[in-house]
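Chemist: Structure incoming, see below.
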Amino acid sequence: MNALRHILAPESRHYRRRGYQVFRKAFPSSQISAIAEMACRLVPPYAGKLRRQDGSFAANEFFPGTQLVKNSPLHPHLPLPAGLEPLSSALHALVTSPALDARLKLLDGAEHYIIHQTVLFFSAQTTELHLDSWSVDTAPLGRSHTVWIPLQNLDHRSGIPSVIPWPRGHAVTERELGLQEVGTRDERYSRYHQALQAKLLSRSPEAVTPLLGMGDFVIWSSLTPHFTLPAQSFPAERLSLQVLIRPADNRWGDFLGQPFDRTSVQLQRVSERFSVRIVT
Ligand SMILES: O=C(O)CCC(=O)C(=O)O
Ligand SMILES: [Fe+2]
């Protein structure tokens, strides 16, 4: 019965058909507000260097004339420098929590999950339409998840992600878009997404924008197209955490590499349900 639970769950059917799911009040809002307070220690006076979303190791960079961090910290759930350990521990606890596990399991029934990447956003993003499959995915494509957790209450003016409902597991290849599989990865990425956007917008799709409070989260699948809506004023504070998670039973890769070598990343098993990718 347990194994079947996810097949029968309405959330699972919705996720398979539409490629996203919103969960309300999944975490105690006191847990989320405590994390938000700790995250604020990362802005001045903290002046140390941290791993950033672009892979560099750098000090905080701010949007001009503000104290809004522009270069989002990467993997803040892994040990951070002295003084910031409470934040990394709290994020680690959140992304490996039974509360998250129970909801993931409802969607796909997997026994074990790998936390592949986290990014801590301080400010509203300006992300164009894209698939997270280009960052990480399973082999075959479409079983990897992006969990997006607001760390403050966000409304329609906050610059929040929006998804285009999409059948989970449905991959549109470069060939189907009439593209050649040549050039650098960056060239292929931008060509692919331009062509995908043109194809999708020609059908006038509906986009779904969940307005989320502390304790809620939205999850979308690796192949679900999404983008960030503009913030009413920019730059703007928008504390949030993005988590890329893949089920351990699947081989893995990304949109172009199918599959990668299973042994090419180091994992640490942290509980029955979760392993985290070790990044050195
Ligand atoms: O935080 C957002 O607005 C979306 C970010 C996103 O989709 C990404 O970084 O892949
Ligand atoms: Fe994304």
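Chain lettering (A, B, ...) mirrors the order of the structure tokens, residue numbering begins at 1 for each chain separately, and ligand numbering begins at 1 in order of display.
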Pick out the residues no farther than 7 Å from ligand 2, counting only C-alpha atoms and all ligand atoms, and list them as a PyMOL selection string.
Modeler: chain A and resi 130-132+226-227
Chemist: Output N, CA and C atoms for every residue in the selection just made, as a tab-separated table (two decimals), in the first residue's frame.
Modeler:
```
chain	number	residue	atom	x	y	z
A	130	HIS	N	13.13	28.88	-18.93
A	130	HIS	CA	14.13	27.81	-19.05
A	130	HIS	C	13.66	26.53	-18.38
A	131	LEU	N	14.44	25.47	-18.61
A	131	LEU	CA	14.22	24.18	-17.95
A	131	LEU	C	15.39	23.93	-17.01
A	132	ASP	N	15.12	23.49	-15.78
A	132	ASP	CA	16.21	23.18	-14.86
A	132	ASP	C	16.93	21.89	-15.25
A	226	HIS	N	9.76	27.41	-16.85
A	226	HIS	CA	9.44	28.42	-15.85
A	226	HIS	C	10.33	29.64	-16.05
A	227	PHE	N	9.93	30.73	-15.42
A	227	PHE	CA	10.64	32.01	-15.55
A	227	PHE	C	10.30	32.82	-14.32
```
Chemist: From a backbone DSSP assignment, name each residue in region 104-216 of chain A labelled alpha helix (DSSP H), as a PyMOL selection string.
Modeler: chain A and resi 104-108+185-201
Chemist: What's around His170 (chain A) at 9 Å? Count only C-alpha atoms, leave out sequence neighbours fewer than 6 positions away in its own chain, and write the answer as a VMD selection string.
Modeler: chain A and resid 141 to 142 223 to 224
Chemist: Find the residues near Leu196 (chain A): any atom within 9 Å, counting only C-alpha atoms, skip ones fewer than 3 places away on the same chain, and give them as a ChimeraX atom specification.
Modeler: /A:129-130,172,174,177,191-193,199-201,225
Chemist: I need the residues from that last selection saved to file as a JSON list (two decimals), in the first residue's frame (with N, CA and C atoms), if you can.
Modeler:
```
[["chain", "number", "residue", "atom", "x", "y", "z"],
["A", 129, "LEU", "N", 12.67, 32.31, -19.44],
["A", 129, "LEU", "CA", 12.07, 30.98, -19.52],
["A", 129, "LEU", "C", 13.15, 29.91, -19.74],
["A", 130, "HIS", "N", 13.13, 28.88, -18.93],
["A", 130, "HIS", "CA", 14.13, 27.81, -19.05],
["A", 130, "HIS", "C", 13.66, 26.53, -18.38],
["A", 172, "VAL", "N", 11.15, 18.05, -25.05],
["A", 172, "VAL", "CA", 11.23, 18.54, -26.43],
["A", 172, "VAL", "C", 12.71, 18.63, -26.78],
["A", 174, "GLU", "N", 16.30, 19.18, -29.07],
["A", 174, "GLU", "CA", 16.80, 20.20, -29.99],
["A", 174, "GLU", "C", 16.32, 19.92, -31.41],
["A", 177, "LEU", "N", 12.96, 20.99, -32.27],
["A", 177, "LEU", "CA", 12.86, 22.45, -32.45],
["A", 177, "LEU", "C", 13.58, 22.90, -33.71],
["A", 191, "ARG", "N", 20.28, 28.93, -27.66],
["A", 191, "ARG", "CA", 19.50, 28.61, -28.88],
["A", 191, "ARG", "C", 18.26, 27.80, -28.53],
["A", 192, "TYR", "N", 18.48, 26.80, -27.68],
["A", 192, "TYR", "CA", 17.36, 25.92, -27.30],
["A", 192, "TYR", "C", 16.24, 26.71, -26.63],
["A", 193, "HIS", "N", 16.63, 27.54, -25.67],
["A", 193, "HIS", "CA", 15.59, 28.23, -24.91],
["A", 193, "HIS", "C", 14.87, 29.30, -25.73],
["A", 199, "LYS", "N", 8.19, 28.58, -29.49],
["A", 199, "LYS", "CA", 7.20, 27.52, -29.71],
["A", 199, "LYS", "C", 6.08, 27.61, -28.66],
["A", 200, "LEU", "N", 6.49, 27.79, -27.41],
["A", 200, "LEU", "CA", 5.47, 27.81, -26.34],
["A", 200, "LEU", "C", 4.58, 29.04, -26.45],
["A", 201, "LEU", "N", 5.20, 30.20, -26.68],
["A", 201, "LEU", "CA", 4.39, 31.43, -26.71],
["A", 201, "LEU", "C", 3.45, 31.46, -27.91],
["A", 225, "PRO", "N", 8.77, 24.20, -18.01],
["A", 225, "PRO", "CA", 9.27, 25.54, -18.33],
["A", 225, "PRO", "C", 8.84, 26.54, -17.24]]
```
Chemist: Write out as a list in words which residues come within 6 Å of region 10-27 of chain A when counting only C-alpha atoms, dropping same-chain ones fewer than 4 positions away.
Modeler: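 Neighbouring residues, sequence-local ones excluded: His6, Leu107, Pro165, Trp166, Pro167, Arg168, Gly215, Asp216, Phe217, Val218, Ile219, Trp220, Ser221 and Thr224 of chain A.
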Chemist: Name each residue within 10 Å of ligand 1, counting only C-alpha atoms and all ligand atoms, as a ChimeraX atom specification.
Modeler: /A:53,72,118-135,146,148-150,158-163,220,222,225-231,238-244
Chemist: Which value, in Å to one decimal, gives the distance between CA of Tyr113 (chain A) and CA of Arg273 (chain A)?
Modeler: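 CA of Arg273 (chain A) lies 6.1 Å from CA of Tyr113 (chain A).
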Chemist: For region 32-37 of chain A, please output as a PDB file with C-alpha atoms, in the first residue's frame all residues within 8 Å (counting only C-alpha atoms; exclusion window: fewer than 2 positions along the same chain).
Modeler:
```pdb
ATOM      1  CA  PHE A  27       7.028  23.777   7.364  1.00  0.00           C
ATOM      2  CA  PRO A  28       6.346  25.636  10.624  1.00  0.00           C
ATOM      3  CA  SER A  29       6.546  29.342   9.788  1.00  0.00           C
ATOM      4  CA  SER A  30       8.691  29.800  12.927  1.00  0.00           C
ATOM      5  CA  ALA A  39      20.332  34.655   6.440  1.00  0.00           C
ATOM      6  CA  CYS A  40      20.350  38.374   7.163  1.00  0.00           C
ATOM      7  CA  ARG A  41      23.658  37.856   8.988  1.00  0.00           C
ATOM      8  CA  LEU A  87      22.442  29.136   9.027  1.00  0.00           C
ATOM      9  CA  ALA A  90      19.217  25.182   9.711  1.00  0.00           C
ATOM     10  CA  LEU A  91      19.170  25.001   5.904  1.00  0.00           C
ATOM     11  CA  LEU A 151      11.748  32.565   3.304  1.00  0.00           C
ATOM     12  CA  GLN A 152       9.346  35.489   3.601  1.00  0.00           C
ATOM     13  CA  MET A 214       6.286  31.289   4.914  1.00  0.00           C
ATOM     14  CA  GLY A 215       5.954  27.526   5.330  1.00  0.00           C
ATOM     15  CA  LEU A 239      14.536  35.833   0.375  1.00  0.00           C
TER      16      LEU A 239
END
```
